[in-house]
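Everything below belongs to structure08.txt, which stores compact mmCIF, N, CA and C atoms.
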# COMPACT_ATOMS: atom_id res chain seq x y z
N MET K 101 -23.79 14.91 21.58
CA MET K 101 -23.44 14.56 20.21
C MET K 101 -22.26 15.42 19.76
N ALA K 102 -21.33 14.77 19.10
CA ALA K 102 -20.16 15.46 18.55
C ALA K 102 -20.25 15.45 17.03
N GLU K 103 -19.66 16.47 16.40
CA GLU K 103 -19.71 16.57 14.94
C GLU K 103 -18.41 17.14 14.42
N ARG K 104 -17.95 16.63 13.29
CA ARG K 104 -16.74 17.13 12.63
C ARG K 104 -16.95 17.11 11.12
N THR K 105 -16.41 18.11 10.46
CA THR K 105 -16.38 18.12 9.00
C THR K 105 -14.92 17.99 8.60
N VAL K 106 -14.66 17.09 7.65
CA VAL K 106 -13.29 16.75 7.29
C VAL K 106 -13.16 16.60 5.77
N ARG K 107 -11.98 16.96 5.26
CA ARG K 107 -11.68 16.81 3.83
C ARG K 107 -11.00 15.47 3.63
N ILE K 108 -11.45 14.70 2.65
CA ILE K 108 -10.92 13.36 2.39
C ILE K 108 -9.50 13.45 1.82
N GLY K 109 -8.58 12.71 2.47
CA GLY K 109 -7.18 12.75 2.06
C GLY K 109 -6.74 11.59 1.20
N SER K 110 -7.55 10.57 1.09
CA SER K 110 -7.17 9.41 0.28
C SER K 110 -7.22 9.81 -1.20
N SER K 111 -6.11 9.63 -1.91
CA SER K 111 -5.98 10.16 -3.28
C SER K 111 -6.97 9.57 -4.26
N HIS K 112 -7.56 8.43 -3.96
CA HIS K 112 -8.57 7.84 -4.84
C HIS K 112 -9.95 7.86 -4.18
N GLY K 113 -10.10 8.66 -3.16
CA GLY K 113 -11.39 8.78 -2.50
C GLY K 113 -11.65 7.66 -1.51
N LEU K 114 -12.87 7.57 -1.11
CA LEU K 114 -13.27 6.58 -0.10
C LEU K 114 -13.75 5.31 -0.80
N HIS K 115 -12.80 4.64 -1.47
CA HIS K 115 -13.13 3.39 -2.16
C HIS K 115 -13.05 2.23 -1.17
N ALA K 116 -13.08 0.99 -1.66
CA ALA K 116 -13.24 -0.19 -0.82
C ALA K 116 -12.25 -0.28 0.34
N ARG K 117 -10.96 -0.11 0.09
CA ARG K 117 -9.98 -0.32 1.17
C ARG K 117 -10.11 0.72 2.29
N PRO K 118 -10.05 2.01 1.98
CA PRO K 118 -10.22 2.97 3.08
C PRO K 118 -11.61 2.92 3.70
N ALA K 119 -12.63 2.60 2.90
CA ALA K 119 -13.99 2.48 3.45
C ALA K 119 -14.07 1.33 4.43
N LYS K 120 -13.38 0.22 4.11
CA LYS K 120 -13.36 -0.93 5.03
C LYS K 120 -12.68 -0.55 6.35
N LEU K 121 -11.53 0.12 6.26
CA LEU K 121 -10.83 0.54 7.48
C LEU K 121 -11.72 1.47 8.31
N PHE K 122 -12.38 2.40 7.62
CA PHE K 122 -13.23 3.38 8.30
C PHE K 122 -14.43 2.69 8.97
N THR K 123 -15.12 1.83 8.24
CA THR K 123 -16.32 1.20 8.80
C THR K 123 -15.97 0.24 9.94
N GLN K 124 -14.84 -0.44 9.84
CA GLN K 124 -14.43 -1.32 10.93
C GLN K 124 -14.14 -0.51 12.20
N ALA K 125 -13.47 0.62 12.04
CA ALA K 125 -13.18 1.46 13.20
C ALA K 125 -14.47 2.04 13.79
N ALA K 126 -15.39 2.44 12.91
CA ALA K 126 -16.66 2.98 13.39
C ALA K 126 -17.45 1.92 14.16
N ALA K 127 -17.47 0.69 13.65
CA ALA K 127 -18.20 -0.39 14.31
C ALA K 127 -17.56 -0.74 15.65
N ALA K 128 -16.24 -0.75 15.69
CA ALA K 128 -15.53 -1.12 16.92
C ALA K 128 -15.63 -0.04 18.00
N SER K 129 -15.98 1.16 17.61
CA SER K 129 -16.00 2.28 18.56
C SER K 129 -17.10 2.15 19.61
N GLY K 130 -18.17 1.46 19.26
CA GLY K 130 -19.29 1.34 20.17
C GLY K 130 -20.20 2.54 20.17
N ALA K 131 -19.86 3.54 19.39
CA ALA K 131 -20.68 4.76 19.31
C ALA K 131 -21.60 4.67 18.10
N ASN K 132 -22.64 5.45 18.12
CA ASN K 132 -23.54 5.57 16.97
C ASN K 132 -22.97 6.68 16.09
N VAL K 133 -22.36 6.30 14.96
CA VAL K 133 -21.65 7.25 14.10
C VAL K 133 -22.33 7.30 12.73
N THR K 134 -22.50 8.52 12.21
CA THR K 134 -23.01 8.69 10.85
C THR K 134 -22.01 9.50 10.05
N ILE K 135 -22.09 9.35 8.73
CA ILE K 135 -21.25 10.12 7.81
C ILE K 135 -22.14 10.62 6.67
N ALA K 136 -21.92 11.86 6.26
CA ALA K 136 -22.69 12.44 5.16
C ALA K 136 -21.74 13.21 4.25
N LYS K 137 -21.97 13.13 2.96
CA LYS K 137 -21.18 13.89 1.98
C LYS K 137 -21.90 15.20 1.72
N GLY K 138 -21.18 16.29 1.94
CA GLY K 138 -21.77 17.61 1.72
C GLY K 138 -23.03 17.77 2.54
N SER K 139 -24.10 18.22 1.88
CA SER K 139 -25.38 18.39 2.60
C SER K 139 -26.30 17.19 2.39
N GLY K 140 -25.72 16.08 1.93
CA GLY K 140 -26.52 14.88 1.67
C GLY K 140 -26.99 14.18 2.93
N LYS K 141 -27.79 13.16 2.71
CA LYS K 141 -28.37 12.38 3.80
C LYS K 141 -27.29 11.54 4.48
N PRO K 142 -27.22 11.55 5.80
CA PRO K 142 -26.22 10.75 6.49
C PRO K 142 -26.53 9.26 6.42
N VAL K 143 -25.45 8.46 6.46
CA VAL K 143 -25.59 7.00 6.49
C VAL K 143 -24.85 6.49 7.71
N ASN K 144 -25.16 5.26 8.08
CA ASN K 144 -24.49 4.59 9.20
C ASN K 144 -23.02 4.39 8.83
N ALA K 145 -22.11 4.90 9.63
CA ALA K 145 -20.69 4.81 9.34
C ALA K 145 -20.14 3.40 9.50
N SER K 146 -20.90 2.49 10.07
CA SER K 146 -20.48 1.10 10.21
C SER K 146 -20.86 0.25 9.01
N SER K 147 -21.59 0.83 8.07
CA SER K 147 -22.06 0.10 6.89
C SER K 147 -21.15 0.40 5.69
N ILE K 148 -20.39 -0.61 5.24
CA ILE K 148 -19.49 -0.38 4.12
C ILE K 148 -20.28 -0.04 2.85
N LEU K 149 -21.42 -0.67 2.65
CA LEU K 149 -22.23 -0.35 1.48
C LEU K 149 -22.75 1.08 1.54
N GLY K 150 -23.17 1.49 2.74
CA GLY K 150 -23.65 2.86 2.91
C GLY K 150 -22.55 3.87 2.65
N VAL K 151 -21.36 3.60 3.16
CA VAL K 151 -20.25 4.54 3.01
C VAL K 151 -19.81 4.61 1.54
N ILE K 152 -19.69 3.46 0.88
CA ILE K 152 -19.28 3.47 -0.53
C ILE K 152 -20.34 4.14 -1.40
N SER K 153 -21.61 3.97 -1.03
CA SER K 153 -22.69 4.56 -1.83
C SER K 153 -22.66 6.09 -1.82
N LEU K 154 -21.93 6.68 -0.89
CA LEU K 154 -21.83 8.15 -0.86
C LEU K 154 -21.03 8.69 -2.04
N GLY K 155 -20.17 7.84 -2.62
CA GLY K 155 -19.37 8.28 -3.77
C GLY K 155 -18.40 9.39 -3.41
N VAL K 156 -17.68 9.21 -2.33
CA VAL K 156 -16.78 10.25 -1.83
C VAL K 156 -15.44 10.19 -2.57
N ASP K 157 -15.04 11.30 -3.14
CA ASP K 157 -13.78 11.42 -3.88
C ASP K 157 -12.75 12.21 -3.08
N PHE K 158 -11.50 12.15 -3.54
CA PHE K 158 -10.43 12.93 -2.93
C PHE K 158 -10.83 14.41 -2.89
N GLY K 159 -10.65 15.02 -1.74
CA GLY K 159 -10.94 16.44 -1.60
C GLY K 159 -12.38 16.77 -1.22
N ASP K 160 -13.27 15.78 -1.28
CA ASP K 160 -14.65 16.03 -0.85
C ASP K 160 -14.68 16.26 0.66
N TYR K 161 -15.69 16.97 1.09
CA TYR K 161 -15.90 17.17 2.52
C TYR K 161 -17.04 16.26 3.00
N VAL K 162 -16.81 15.63 4.15
CA VAL K 162 -17.84 14.81 4.77
C VAL K 162 -18.02 15.29 6.20
N THR K 163 -19.22 15.05 6.70
CA THR K 163 -19.52 15.40 8.09
C THR K 163 -19.81 14.14 8.87
N LEU K 164 -19.11 14.02 9.98
CA LEU K 164 -19.29 12.88 10.88
C LEU K 164 -20.04 13.36 12.12
N THR K 165 -20.94 12.53 12.62
CA THR K 165 -21.57 12.79 13.91
C THR K 165 -21.46 11.51 14.73
N ALA K 166 -21.34 11.68 16.03
CA ALA K 166 -21.25 10.53 16.93
C ALA K 166 -22.00 10.83 18.22
N ASP K 167 -22.68 9.80 18.72
CA ASP K 167 -23.33 9.85 20.02
C ASP K 167 -22.65 8.84 20.92
N GLY K 168 -22.54 9.15 22.18
CA GLY K 168 -21.96 8.22 23.13
C GLY K 168 -21.01 8.93 24.06
N THR K 169 -20.55 8.20 25.07
CA THR K 169 -19.71 8.81 26.09
C THR K 169 -18.35 9.24 25.56
N ASN K 170 -17.83 8.54 24.56
CA ASN K 170 -16.52 8.88 23.99
C ASN K 170 -16.63 9.47 22.60
N ALA K 171 -17.70 10.18 22.34
CA ALA K 171 -17.96 10.66 20.98
C ALA K 171 -16.81 11.49 20.41
N ASP K 172 -16.23 12.38 21.19
CA ASP K 172 -15.14 13.21 20.68
C ASP K 172 -13.91 12.37 20.35
N ALA K 173 -13.57 11.41 21.21
CA ALA K 173 -12.41 10.54 20.95
C ALA K 173 -12.65 9.66 19.73
N VAL K 174 -13.87 9.17 19.58
CA VAL K 174 -14.22 8.35 18.42
C VAL K 174 -14.04 9.15 17.15
N LEU K 175 -14.53 10.38 17.15
CA LEU K 175 -14.41 11.21 15.94
C LEU K 175 -12.95 11.57 15.67
N ASP K 176 -12.16 11.79 16.70
CA ASP K 176 -10.73 12.06 16.49
C ASP K 176 -10.08 10.89 15.73
N GLN K 177 -10.38 9.67 16.15
CA GLN K 177 -9.82 8.48 15.50
C GLN K 177 -10.31 8.36 14.06
N LEU K 178 -11.59 8.57 13.84
CA LEU K 178 -12.15 8.41 12.49
C LEU K 178 -11.68 9.50 11.55
N VAL K 179 -11.54 10.71 12.06
CA VAL K 179 -11.02 11.81 11.23
C VAL K 179 -9.61 11.48 10.76
N GLU K 180 -8.78 10.94 11.64
CA GLU K 180 -7.42 10.56 11.27
C GLU K 180 -7.42 9.57 10.11
N LEU K 181 -8.34 8.62 10.13
CA LEU K 181 -8.44 7.66 9.03
C LEU K 181 -8.84 8.35 7.73
N LEU K 182 -9.72 9.33 7.81
CA LEU K 182 -10.22 9.98 6.60
C LEU K 182 -9.22 10.96 5.99
N VAL K 183 -8.34 11.53 6.77
CA VAL K 183 -7.37 12.49 6.21
C VAL K 183 -6.10 11.79 5.72
N THR K 184 -5.97 10.50 6.04
CA THR K 184 -4.79 9.73 5.63
C THR K 184 -4.96 9.22 4.21
N ASP K 185 -3.88 9.31 3.41
CA ASP K 185 -3.91 8.76 2.05
C ASP K 185 -3.56 7.29 2.13
N HIS K 186 -4.54 6.42 1.96
CA HIS K 186 -4.33 4.98 2.05
C HIS K 186 -3.82 4.39 0.75
N ASP K 187 -3.58 5.22 -0.26
CA ASP K 187 -3.14 4.73 -1.57
C ASP K 187 -1.69 5.07 -1.86
N GLU K 188 -0.97 5.55 -0.86
CA GLU K 188 0.45 5.89 -1.07
C GLU K 188 1.26 4.64 -1.31
Would you encode the structure as structure tokens?
Amino acid sequence: MAERTVRIGSSHGLHARPAKLFTQAAAASGANVTIAKGSGKPVNASSILGVISLGVDFGDYVTLTADGTNADAVLDQLVELLVTDHDE
């Protein structure tokens, strides 16, 4: 299992558009990925409703975990999506 903590770079937080990009990438990865805000309960990173329900704002920290043979590569890709400002 791989784990990363990352600060959200999207200036309006993890709203519908960046959440959609994130969940699509998580689903396509083939790995079992979760995301949690702070010390909160993790949710399935492939679920757009689960991700939006976290209420993640700009500057919040989230923790990603992934299981699978490419877990580190999957998290590298997902972290890049989360640190990018999709509202520029």
Notebook entry, point to check: Restricting the calculation to only N, CA and C atoms, which member of K:Thr163, K:Ser153, K:Thr123, K:Ser110 is positioned closest to Ala136 (chain K)?
Noted result: K:Thr163
Next item on the list: For CA of His186 (chain K) and CA of Ser111 (chain K), quote the distance in Å rounded to one decimal.
Entry: 7.6 Å
Checklist line | Nearby residues (only C-alpha atoms) at most 9 Å from Tyr161 (chain K), same-chain spacing under 5 positions excluded, as number ranges by chain | finding: K: 105-108, 136-138, 156
Residues within 7 Å of Ala171 (chain K), only C-alpha atoms, excluding chain neighbours under 3 positions, as a short mmCIF file (atom, residue, chain, number, x, y, z; two decimals) with N, CA and C atoms, in the coordinates of the input:
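And here's selection_21.cif as it stands now:
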data_model
loop_
_atom_site.label_atom_id
_atom_site.label_comp_id
_atom_site.auth_asym_id
_atom_site.auth_seq_id
_atom_site.Cartn_x
_atom_site.Cartn_y
_atom_site.Cartn_z
N MET K 101 -23.79 14.91 21.58
CA MET K 101 -23.44 14.56 20.21
C MET K 101 -22.26 15.42 19.76
N ALA K 102 -21.33 14.77 19.10
CA ALA K 102 -20.16 15.46 18.55
C ALA K 102 -20.25 15.45 17.03
N ALA K 131 -19.86 3.54 19.39
CA ALA K 131 -20.68 4.76 19.31
C ALA K 131 -21.60 4.67 18.10
N ALA K 166 -21.34 11.68 16.03
CA ALA K 166 -21.25 10.53 16.93
C ALA K 166 -22.00 10.83 18.22
N ASP K 167 -22.68 9.80 18.72
CA ASP K 167 -23.33 9.85 20.02
C ASP K 167 -22.65 8.84 20.92
N GLY K 168 -22.54 9.15 22.18
CA GLY K 168 -21.96 8.22 23.13
C GLY K 168 -21.01 8.93 24.06
N VAL K 174 -13.87 9.17 19.58
CA VAL K 174 -14.22 8.35 18.42
C VAL K 174 -14.04 9.15 17.15
N LEU K 175 -14.53 10.38 17.15
CA LEU K 175 -14.41 11.21 15.94
C LEU K 175 -12.95 11.57 15.67
#
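You will find CA of Asp157 (chain K) at 7.3 Å from atom N of His115 (chain K).
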Notebook entry, point to check: With only C-alpha atoms as the basis for distance, which of K:Ala116, K:Leu149, K:Phe158, K:Asn170 is at the shortest distance from Asp185 (chain K)?
Noted result: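 Between K:Ala116, K:Leu149, K:Phe158, K:Asn170, the residue approaching Asp185 (chain K) most closely is K:Phe158.
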Sphere at (-8.9, 8.8, 8.1), radius 9 Å, counting only C-alpha atoms: residues as a JSON list (two decimals) with N, CA and C atoms, in the coordinates of the input:
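What follows is the written file point06.json:
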[["chain", "number", "residue", "atom", "x", "y", "z"],
["K", 108, "ILE", "N", -11.45, 14.70, 2.65],
["K", 108, "ILE", "CA", -10.92, 13.36, 2.39],
["K", 108, "ILE", "C", -9.50, 13.45, 1.82],
["K", 109, "GLY", "N", -8.58, 12.71, 2.47],
["K", 109, "GLY", "CA", -7.18, 12.75, 2.06],
["K", 109, "GLY", "C", -6.74, 11.59, 1.20],
["K", 110, "SER", "N", -7.55, 10.57, 1.09],
["K", 110, "SER", "CA", -7.17, 9.41, 0.28],
["K", 110, "SER", "C", -7.22, 9.81, -1.20],
["K", 118, "PRO", "N", -10.05, 2.01, 1.98],
["K", 118, "PRO", "CA", -10.22, 2.97, 3.08],
["K", 118, "PRO", "C", -11.61, 2.92, 3.70],
["K", 121, "LEU", "N", -11.53, 0.12, 6.26],
["K", 121, "LEU", "CA", -10.83, 0.54, 7.48],
["K", 121, "LEU", "C", -11.72, 1.47, 8.31],
["K", 122, "PHE", "N", -12.38, 2.40, 7.62],
["K", 122, "PHE", "CA", -13.23, 3.38, 8.30],
["K", 122, "PHE", "C", -14.43, 2.69, 8.97],
["K", 177, "GLN", "N", -10.38, 9.67, 16.15],
["K", 177, "GLN", "CA", -9.82, 8.48, 15.50],
["K", 177, "GLN", "C", -10.31, 8.36, 14.06],
["K", 178, "LEU", "N", -11.59, 8.57, 13.84],
["K", 178, "LEU", "CA", -12.15, 8.41, 12.49],
["K", 178, "LEU", "C", -11.68, 9.50, 11.55],
["K", 179, "VAL", "N", -11.54, 10.71, 12.06],
["K", 179, "VAL", "CA", -11.02, 11.81, 11.23],
["K", 179, "VAL", "C", -9.61, 11.48, 10.76],
["K", 180, "GLU", "N", -8.78, 10.94, 11.64],
["K", 180, "GLU", "CA", -7.42, 10.56, 11.27],
["K", 180, "GLU", "C", -7.42, 9.57, 10.11],
["K", 181, "LEU", "N", -8.34, 8.62, 10.13],
["K", 181, "LEU", "CA", -8.44, 7.66, 9.03],
["K", 181, "LEU", "C", -8.84, 8.35, 7.73],
["K", 182, "LEU", "N", -9.72, 9.33, 7.81],
["K", 182, "LEU", "CA", -10.22, 9.98, 6.60],
["K", 182, "LEU", "C", -9.22, 10.96, 5.99],
["K", 183, "VAL", "N", -8.34, 11.53, 6.77],
["K", 183, "VAL", "CA", -7.37, 12.49, 6.21],
["K", 183, "VAL", "C", -6.10, 11.79, 5.72],
["K", 184, "THR", "N", -5.97, 10.50, 6.04],
["K", 184, "THR", "CA", -4.79, 9.73, 5.63],
["K", 184, "THR", "C", -4.96, 9.22, 4.21],
["K", 185, "ASP", "N", -3.88, 9.31, 3.41],
["K", 185, "ASP", "CA", -3.91, 8.76, 2.05],
["K", 185, "ASP", "C", -3.56, 7.29, 2.13],
["K", 186, "HIS", "N", -4.54, 6.42, 1.96],
["K", 186, "HIS", "CA", -4.33, 4.98, 2.05],
["K", 186, "HIS", "C", -3.82, 4.39, 0.75]]
Next item on the list: DSSP on the backbone, then: every residue of chain K marked helix (DSSP H, G or I), written as a PyMOL selection string.
Entry: chain K and resi 116-129+148-153+171-183
Next item on the list: Enter the distance from atom N of His112 (chain K) to atom C of Ala127 (chain K), in Å, rounded to one decimal.
Entry: 23.8 Å
Check: For Lys120 (chain K), which of K:Ala173, K:Leu164, K:Ile135, K:Ile148 is the closest residue, counting all atoms listed in the file?
Finding: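 Result for the nearest residue to Lys120 (chain K): K:Ile148.
Minimum atom-to-atom distance to Gly150 (chain K), evaluated using only C-alpha atoms, belongs to K:Ala119 out of K:Gly113, K:Ala128, K:Ala119, K:Val162.
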Quick one: axis-aligned box around all listed atoms of region 134-142 of chain K, 4 Å on every side, centre and edge lengths in Å to one decimal, written as JSON.
{"center_x": -24.8, "center_y": 13.5, "center_z": 6.9, "size_x": 15.2, "size_y": 17.9, "size_z": 18.5}
Check: Using the chain letters and numbers from this document, which residues of chain K does DSSP assign to strand (DSSP E), as a ChimeraX atom specification?
Finding: /K:102-107,132-137,143-144,161-167
